[in-house]
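Containing compact mmCIF, C-alpha atoms: input-v5.txt.
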# COMPACT_ATOMS: atom_id res chain seq x y z
CA MET J 23 11.80 -21.60 31.77
CA ASN J 24 10.81 -18.02 30.98
CA ALA J 25 7.32 -16.81 31.85
CA ALA J 26 5.19 -15.65 28.94
CA PRO J 27 5.44 -11.87 28.52
CA ASP J 28 2.52 -9.80 29.79
CA LEU J 29 0.99 -8.31 26.65
CA SER J 30 -1.99 -6.75 28.40
CA THR J 31 -0.87 -3.18 27.75
CA ALA J 32 -0.34 -3.89 24.06
CA ARG J 33 -3.78 -5.52 23.85
CA GLU J 34 -5.31 -2.53 25.63
CA VAL J 35 -3.65 -0.07 23.25
CA LEU J 36 -4.81 -1.98 20.18
CA ALA J 37 -8.34 -2.50 21.52
CA GLY J 38 -8.53 1.22 22.23
CA VAL J 39 -7.66 2.32 18.71
CA LEU J 40 -9.92 -0.35 17.21
CA ASP J 41 -12.75 0.67 19.55
CA LEU J 42 -13.16 -2.93 20.70
CA PRO J 43 -14.18 -4.08 24.20
CA SER J 44 -11.25 -5.11 26.36
CA GLY J 45 -10.88 -8.86 26.29
CA THR J 46 -11.73 -9.08 22.61
CA LEU J 47 -8.11 -9.44 21.55
CA SER J 48 -5.64 -12.20 22.38
CA ASP J 49 -1.86 -12.29 22.59
CA ASN J 50 -1.93 -13.81 19.10
CA SER J 51 -3.96 -11.01 17.53
CA SER J 52 -2.38 -9.63 14.38
CA ILE J 53 -3.05 -7.68 11.21
CA GLY J 54 -4.03 -10.95 9.57
CA ASN J 55 -6.70 -12.06 12.03
CA VAL J 56 -8.38 -8.90 13.36
CA GLU J 57 -10.98 -7.66 10.88
CA GLU J 58 -11.22 -4.19 12.43
CA TRP J 59 -7.48 -3.58 12.02
CA ASP J 60 -7.37 -1.56 8.79
CA SER J 61 -5.10 1.11 7.37
CA LEU J 62 -6.80 4.00 9.17
CA ALA J 63 -6.74 2.09 12.46
CA HIS J 64 -3.04 1.55 11.85
CA VAL J 65 -2.54 5.32 11.65
CA ARG J 66 -4.36 5.73 14.97
CA LEU J 67 -2.25 2.94 16.47
CA VAL J 68 1.05 4.56 15.48
CA VAL J 69 -0.16 7.93 16.80
CA GLU J 70 -1.22 6.34 20.11
CA ILE J 71 2.11 4.53 20.55
CA GLU J 72 3.98 7.76 19.81
CA ARG J 73 1.78 9.60 22.31
CA ARG J 74 2.65 7.07 25.00
CA LEU J 75 6.36 7.06 24.17
CA LYS J 76 6.40 10.86 23.74
CA ARG J 77 8.49 10.55 20.60
CA GLU J 78 8.16 9.77 16.92
CA LEU J 79 8.70 6.13 15.96
CA SER J 80 11.58 5.29 13.67
CA PRO J 81 10.82 3.82 10.23
CA ILE J 82 12.04 0.42 11.43
CA GLU J 83 9.74 0.55 14.46
CA ILE J 84 6.78 1.50 12.27
CA ALA J 85 7.56 -1.33 9.88
CA ASP J 86 7.81 -3.76 12.78
CA ILE J 87 4.18 -3.43 13.88
CA ALA J 88 1.90 -6.22 12.71
CA SER J 89 0.73 -7.95 15.91
CA VAL J 90 0.06 -7.49 19.61
CA ALA J 91 3.49 -8.91 20.34
CA ASP J 92 5.05 -6.35 17.99
CA ILE J 93 3.20 -3.52 19.74
CA ASP J 94 4.54 -4.77 23.05
CA ARG J 95 8.11 -4.78 21.73
CA VAL J 96 7.81 -1.26 20.33
CA LEU J 97 6.26 0.05 23.56
CA ALA J 98 9.12 -1.53 25.47
CA GLY J 99 11.69 -0.04 23.14
CA ASP J 100 12.83 -3.47 22.01
CA ALA J 101 11.94 -3.19 18.33
CA ALA J 102 14.62 -4.10 15.82
CA MET M 10 4.92 -14.40 -26.69
CA MET M 11 8.12 -13.06 -25.16
CA ARG M 12 9.47 -9.62 -25.91
CA SER M 13 13.18 -9.25 -26.50
CA GLY M 14 13.63 -7.88 -22.97
CA GLY M 15 11.83 -10.80 -21.39
CA LEU M 16 8.43 -9.28 -20.61
CA GLN M 17 5.38 -10.96 -22.05
CA ARG M 18 3.14 -8.94 -24.35
CA THR M 19 -0.42 -9.66 -23.36
CA ARG M 20 -3.86 -8.20 -23.60
CA PRO M 21 -4.83 -5.10 -21.63
CA VAL M 22 -5.31 -5.55 -17.91
CA TRP M 23 -8.88 -6.57 -17.07
CA LEU M 24 -9.21 -8.16 -13.63
CA THR M 25 -12.11 -8.57 -11.27
CA THR M 26 -12.28 -8.94 -7.49
CA PRO M 27 -15.41 -9.31 -5.36
CA ARG M 28 -16.03 -5.54 -5.24
CA PHE M 29 -13.90 -4.08 -8.00
CA LEU M 30 -12.90 -4.10 -11.64
CA LEU M 31 -9.28 -3.27 -12.50
CA ARG M 32 -8.58 -2.11 -16.04
CA ASN M 33 -6.23 0.10 -18.01
CA LEU M 34 -7.30 3.71 -17.91
CA ALA M 35 -7.93 5.43 -21.22
CA PRO M 36 -7.93 9.17 -22.03
CA GLY M 37 -11.73 9.04 -21.92
CA ASP M 38 -11.50 8.24 -18.20
CA ALA M 39 -10.28 11.78 -17.46
CA ASN M 40 -13.10 13.20 -15.41
CA ASP M 41 -13.76 15.71 -12.64
CA ARG M 42 -13.34 13.09 -9.90
CA TYR M 43 -9.85 12.21 -11.09
CA LEU M 44 -8.99 15.90 -11.51
CA SER M 45 -10.09 16.58 -7.93
CA TRP M 46 -7.72 13.89 -6.58
CA ALA M 47 -4.74 15.44 -8.35
CA ALA M 48 -5.60 18.78 -6.74
CA ASP M 49 -6.16 17.37 -3.22
CA SER M 50 -3.19 17.53 -0.85
CA GLU M 51 -4.77 14.91 1.43
CA VAL M 52 -4.83 12.43 -1.45
CA MET M 53 -1.49 13.22 -3.06
CA GLY M 54 0.46 14.32 0.03
CA PRO M 55 1.32 10.81 1.26
CA LEU M 56 2.93 10.17 -2.13
CA ASN M 57 4.90 13.41 -1.92
CA VAL M 58 3.49 14.40 -5.27
CA PRO M 59 2.87 18.11 -5.77
CA VAL M 60 -0.76 19.12 -5.98
CA VAL M 61 -1.62 20.09 -9.54
CA ARG M 62 -4.67 21.66 -11.09
CA MET M 63 -4.98 20.15 -14.52
CA THR M 64 -7.52 20.56 -17.23
CA ARG M 65 -9.41 17.51 -18.40
CA GLN M 66 -7.40 17.66 -21.62
CA GLN M 67 -4.09 17.67 -19.72
CA LEU M 68 -5.21 14.72 -17.61
CA ALA M 69 -6.28 12.83 -20.73
CA GLY M 70 -2.83 13.45 -22.17
CA TYR M 71 -1.19 12.16 -19.00
CA ILE M 72 -3.31 9.02 -19.03
CA GLY M 73 -2.47 8.53 -22.69
CA SER M 74 1.26 8.64 -21.92
CA PHE M 75 1.00 5.17 -20.34
CA ASP M 76 1.66 2.63 -23.05
CA GLY M 77 0.12 -0.41 -21.37
CA GLU M 78 3.22 -2.39 -22.30
CA THR M 79 5.84 -1.25 -19.81
CA ARG M 80 3.97 1.56 -18.03
CA PHE M 81 0.46 1.01 -16.73
CA LEU M 82 -2.20 3.26 -15.27
CA ILE M 83 -4.85 0.90 -13.98
CA GLY M 84 -8.15 2.19 -12.65
CA ILE M 85 -10.07 0.72 -9.73
CA PHE M 86 -13.81 0.73 -10.48
CA LEU M 87 -16.71 -0.35 -8.30
CA HIS M 88 -18.76 -3.16 -9.77
CA ASP M 89 -21.93 -1.71 -8.27
CA ASP M 90 -22.02 1.60 -10.09
CA ASN M 91 -18.81 1.68 -12.15
CA ARG M 92 -17.52 4.48 -9.91
CA HIS M 93 -13.82 5.19 -10.37
CA ILE M 94 -12.29 5.25 -6.87
CA GLY M 95 -8.53 5.08 -7.44
CA PHE M 96 -5.71 3.80 -9.57
CA TYR M 97 -2.43 1.91 -9.67
CA MET M 98 0.60 3.28 -11.49
CA ILE M 99 2.92 0.44 -12.41
CA GLU M 100 6.25 0.81 -14.16
CA THR M 101 8.09 -2.29 -15.35
CA ASP M 102 11.74 -2.80 -16.24
CA PRO M 103 11.87 -5.32 -19.10
CA ILE M 104 15.58 -5.97 -18.67
CA HIS M 105 15.44 -6.98 -15.04
CA CYS M 106 11.81 -8.23 -15.03
CA ILE M 107 10.85 -6.04 -12.09
CA ALA M 108 7.88 -3.77 -11.50
CA ASN M 109 7.38 -0.75 -9.26
CA PHE M 110 3.86 -0.45 -7.83
CA ASN M 111 2.17 2.74 -6.62
CA VAL M 112 -1.46 3.07 -5.63
CA VAL M 113 -3.80 5.99 -4.94
CA ILE M 114 -7.25 5.61 -3.43
CA GLY M 115 -8.70 8.94 -4.44
CA ASP M 116 -12.24 8.44 -3.15
CA LYS M 117 -11.95 9.08 0.58
CA GLU M 118 -15.13 7.11 1.22
CA PHE M 119 -12.98 4.04 0.55
CA TRP M 120 -10.10 4.88 2.86
CA GLY M 121 -9.79 2.18 5.49
CA LYS M 122 -12.01 -0.17 3.44
CA LYS M 123 -9.20 -2.60 2.53
CA VAL M 124 -9.38 -1.76 -1.18
CA VAL M 125 -5.66 -2.38 -1.67
CA LEU M 126 -5.77 -5.68 0.21
CA GLU M 127 -8.53 -6.84 -2.12
CA THR M 128 -7.17 -5.56 -5.41
CA ARG M 129 -3.36 -5.74 -5.28
CA PRO M 130 -3.23 -9.55 -4.99
CA ALA M 131 -5.01 -9.77 -8.35
CA LEU M 132 -2.36 -7.50 -9.87
CA LEU M 133 0.48 -9.42 -8.26
CA ASP M 134 -0.90 -12.65 -9.72
CA HIS M 135 -1.29 -10.99 -13.11
CA PHE M 136 2.15 -9.41 -13.35
CA PHE M 137 3.95 -12.48 -11.98
CA GLU M 138 2.05 -15.07 -14.00
CA HIS M 139 1.17 -13.25 -17.23
CA ARG M 140 3.65 -10.42 -17.74
CA GLY M 141 6.98 -12.05 -16.99
CA ILE M 142 7.73 -10.12 -13.80
CA ASP M 143 10.01 -11.80 -11.25
CA LYS M 144 9.96 -9.18 -8.50
CA ILE M 145 7.64 -6.35 -7.51
CA PHE M 146 8.55 -3.52 -5.20
CA GLY M 147 7.01 -0.44 -3.65
CA GLN M 148 8.67 2.57 -2.10
CA PRO M 149 6.40 4.36 0.37
CA LEU M 150 7.55 7.30 2.40
CA ALA M 151 8.35 6.20 5.95
CA ARG M 152 5.36 8.15 7.33
CA ASN M 153 2.88 6.78 4.79
CA ILE M 154 1.35 4.58 7.49
CA PRO M 155 -1.64 3.30 5.48
CA ALA M 156 0.69 2.11 2.71
CA ILE M 157 2.99 0.41 5.21
CA PHE M 158 -0.03 -1.31 6.78
CA ASN M 159 -0.97 -2.73 3.39
CA TYR M 160 2.53 -4.04 2.67
CA LYS M 161 2.72 -5.67 6.11
CA ALA M 162 -0.74 -7.21 5.80
CA GLU M 163 0.18 -8.73 2.43
CA GLY M 164 3.49 -10.11 3.68
CA TRP M 165 5.88 -7.98 1.64
CA GLN M 166 9.44 -7.84 2.97
CA LEU M 167 10.96 -4.57 4.16
CA GLU M 168 14.17 -4.43 2.14
CA GLY M 169 15.57 -1.19 3.42
CA VAL M 170 15.11 2.35 4.60
CA PHE M 171 16.64 5.13 2.53
CA LYS M 172 17.50 7.92 4.92
CA SER M 173 16.55 11.44 3.86
CA HIS M 174 15.96 10.13 0.37
CA ARG M 175 13.20 12.51 -0.70
CA LYS M 176 12.56 16.20 -0.35
CA SER M 177 9.11 17.12 0.93
CA MET M 178 6.98 18.79 -1.70
CA THR M 179 5.23 20.76 1.03
CA ASP M 180 7.97 22.10 3.29
CA GLY M 181 11.31 21.02 1.87
CA ARG M 182 12.23 18.69 4.76
CA ARG M 183 14.23 15.58 3.94
CA LEU M 184 12.07 12.45 4.20
CA ASP M 185 12.96 8.80 4.77
CA GLN M 186 11.70 6.30 2.24
CA MET M 187 11.20 2.54 2.56
CA GLN M 188 11.38 -0.24 0.05
CA PHE M 189 9.15 -3.28 0.33
CA GLY M 190 9.59 -6.18 -2.06
CA MET M 191 7.79 -9.34 -3.11
CA SER M 192 9.34 -11.98 -5.36
CA LYS M 193 7.38 -14.32 -7.57
CA ASP M 194 8.55 -17.28 -5.49
CA GLU M 195 7.49 -15.64 -2.23
CA TRP M 196 4.10 -14.78 -3.67
CA ARG M 197 3.53 -18.29 -4.99
CA ALA M 198 4.56 -19.73 -1.60
CA ARG M 199 2.01 -17.51 0.12
CA GLY M 200 -0.63 -18.75 -2.31
CA ARG M 201 0.15 -22.33 -1.40
CA GLN M 202 -0.16 -21.50 2.31
CA ALA M 203 -3.54 -19.77 1.87
Starting from the coordinates I provided, produce the structure as structure tokens.
Amino acid sequence: MNAAPDLSTAREVLAGVLDLPSGTLSDNSSIGNVEEWDSLAHVRLVVEIERRLKRELSPIEIADIASVADIDRVLAGDAA
Amino acid sequence: MMRSGGLQRTRPVWLTTPRFLLRNLAPGDANDRYLSWAADSEVMGPLNVPVVRMTRQQLAGYIGSFDGETRFLIGIFLHDDNRHIGFYMIETDPIHCIANFNVVIGDKEFWGKKVVLETRPALLDHFFEHRGIDKIFGQPLARNIPAIFNYKAEGWQLEGVFKSHRKSMTDGRRLDQMQFGMSKDEWRARGRQA
């Protein structure tokens, strides 16, 4: 049985761009259930991920981001 | 009543949401606010539309070029003070019963205020249920992050990425473009889930 992935970095990144206290978000947080996650926050999120990866995201990677789990995959370079 | 091409001829668009009224724009809606959006690279840049300085008369003529039958220019107005804050440009194809949606939020005070998430569902309902449209699509540039956020949040499907499909109006670079789509069946299924 596989252990659940550690999404703490993804949660931290999202909480940072949303200006939320750490611990506010869960592994299930997504565009659909986080009120503060709006279009301008999404711009900040993409910029922050690109800053961490030191490269521009591909269109597919950008289109893949809608949840904490998605952020984790993109940060890990596992996006579709 | 069905038109020969399959689209339904109906009354002008007049839809309300909790904060906004959506209605067809008329030449009389050409005002300084709208003119300022057309001349603002921050507003028009994400759409890759060249900045233009129009006269009020030219803008009125542009608005009047939308027939309200197959091509729609639909204003977004605040209930509170009737302020015009943006618009949808919608072009339908009567043969294939499809519609291409574009949206501009010109009033920067409303950027990040989920205007599209509140208003576009009303238009999707309207065009699917009252104007004979079977599929709606949008084609944002790949770096139009706010637009992509809105498509994702509404559950549209990414149908493809067109590589180097557009030429930048600002510096001539080739730009990637996406296509997001929503079918009538998908939209109705989402309504049942809500």
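The two atoms in question, CA of Gly95 in chain M and CA of Leu62 in chain J, are spaced 16.7 Å apart.
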Could you give me, as CSV, a per-residue list for chain J showing, wherever an atom lies at most 7 Å from an atom of chain M, the closest pair of atoms and their distance in Å to one decimal, using all atoms listed in the file and sorting by chain then residue number from low to high?
residue,atom,partner,partner_atom,distance
J:Ile53,CA,M:Ala162,CA,5.9
J:Gly54,CA,M:Ala162,CA,6.2
J:Asp60,CA,M:Gly121,CA,5.5
J:Ser61,CA,M:Pro155,CA,4.5
J:Leu62,CA,M:Gly121,CA,5.1
J:His64,CA,M:Phe158,CA,6.6
J:Val65,CA,M:Ile154,CA,5.7
J:Pro81,CA,M:Ala151,CA,5.5
J:Ala85,CA,M:Ile157,CA,6.8
J:Ala88,CA,M:Lys161,CA,6.7
Legend entry - Long-range neighbours of Arg32 in chain M as number ranges by chain, 9 Å cut-off, only C-alpha atoms, 5 positions minimum in chain: M: 21-25, 82-86
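Atom pair CA of Ser80 in chain J / CA of Asn55 in chain J has a distance of 25.3 Å (rounded to one decimal).
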Would you give the centre and edge lengths, in Å to one decimal, of a box along x, y and z around the listed atoms of range 48-63 of chain J, with 6 Å added to each side, as lines of an AutoDock Vina configuration file?
center_x = -6.5
center_y = -4.9
center_z = 15.0
size_x = 21.4
size_y = 29.8
size_z = 27.2
Inset, instruction - Extract, using all atoms listed in the file, all DNA, RNA and protein residues at most 12 Å from Ala91 in chain J, discarding same-chain residues fewer than 5 positions from it, and format them as an MDAnalysis selection string. - result: chainID J and resid 26:33 35:36 47:53 86 96:98 100:101
Could those selected residues go to a file with C-alpha atoms, as a JSON list (two decimals), in the coordinates of the input?
[["chain", "number", "residue", "atom", "x", "y", "z"],
["J", 26, "ALA", "CA", 5.19, -15.65, 28.94],
["J", 27, "PRO", "CA", 5.44, -11.87, 28.52],
["J", 28, "ASP", "CA", 2.52, -9.80, 29.79],
["J", 29, "LEU", "CA", 0.99, -8.31, 26.65],
["J", 30, "SER", "CA", -1.99, -6.75, 28.40],
["J", 31, "THR", "CA", -0.87, -3.18, 27.75],
["J", 32, "ALA", "CA", -0.34, -3.89, 24.06],
["J", 33, "ARG", "CA", -3.78, -5.52, 23.85],
["J", 35, "VAL", "CA", -3.65, -0.07, 23.25],
["J", 36, "LEU", "CA", -4.81, -1.98, 20.18],
["J", 47, "LEU", "CA", -8.11, -9.44, 21.55],
["J", 48, "SER", "CA", -5.64, -12.20, 22.38],
["J", 49, "ASP", "CA", -1.86, -12.29, 22.59],
["J", 50, "ASN", "CA", -1.93, -13.81, 19.10],
["J", 51, "SER", "CA", -3.96, -11.01, 17.53],
["J", 52, "SER", "CA", -2.38, -9.63, 14.38],
["J", 53, "ILE", "CA", -3.05, -7.68, 11.21],
["J", 86, "ASP", "CA", 7.81, -3.76, 12.78],
["J", 96, "VAL", "CA", 7.81, -1.26, 20.33],
["J", 97, "LEU", "CA", 6.26, 0.05, 23.56],
["J", 98, "ALA", "CA", 9.12, -1.53, 25.47],
["J", 100, "ASP", "CA", 12.83, -3.47, 22.01],
["J", 101, "ALA", "CA", 11.94, -3.19, 18.33]]
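You will find CA of Pro130 in chain M at 25.3 Å from CA of Arg42 in chain M.
Of the residues listed (J:Asp92, J:Glu78, J:Glu57, J:Glu72), J:Glu57 shows the shortest atom-to-atom separation from Leu40 in chain J; distances use only C-alpha atoms.
Take the candidates M:Thr128, M:Ser74, M:Ser173, M:Thr101 and check each one against Phe146 in chain M using only C-alpha atoms; the shortest distance goes to M:Thr101.
Candidate residues J:Ser44, J:Ile93, J:Val39, J:Leu79 were compared for distance to Leu67 in chain J, and the nearest is J:Val39, using all atoms listed in the file.
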Inset, instruction - Can you pull out every residue within 10 Å of Thr46 in chain J, counting all atoms listed in the file, but drop anything in the same chain fewer than 6 positions away, and send it as an NGL selection string? - result: :J and (33-34 or 37 or 56)
Would you output that residue set with C-alpha atoms, as a PDB file, in the frame of the given file?
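Result file is result-v5.pdb:
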ATOM      1  CA  ARG J  33      -3.780  -5.520  23.850  1.00  0.00           C
ATOM      2  CA  GLU J  34      -5.310  -2.530  25.630  1.00  0.00           C
ATOM      3  CA  ALA J  37      -8.340  -2.500  21.520  1.00  0.00           C
ATOM      4  CA  VAL J  56      -8.380  -8.900  13.360  1.00  0.00           C
TER       5      VAL J  56
END
Legend entry - 9 Å contact set for Asp38 in chain M, only C-alpha atoms, chain neighbours under 2 positions out, as a VMD selection string: chain M and resid 34 to 36 40 43 69 72 84 93
Could you write out that same residue set with C-alpha atoms as a short mmCIF file (atom, residue, chain, number, x, y, z; two decimals), keeping the file's coordinate frame?
data_model
loop_
_atom_site.label_atom_id
_atom_site.label_comp_id
_atom_site.auth_asym_id
_atom_site.auth_seq_id
_atom_site.Cartn_x
_atom_site.Cartn_y
_atom_site.Cartn_z
CA LEU M 34 -7.30 3.71 -17.91
CA ALA M 35 -7.93 5.43 -21.22
CA PRO M 36 -7.93 9.17 -22.03
CA ASN M 40 -13.10 13.20 -15.41
CA TYR M 43 -9.85 12.21 -11.09
CA ALA M 69 -6.28 12.83 -20.73
CA ILE M 72 -3.31 9.02 -19.03
CA GLY M 84 -8.15 2.19 -12.65
CA HIS M 93 -13.82 5.19 -10.37
#
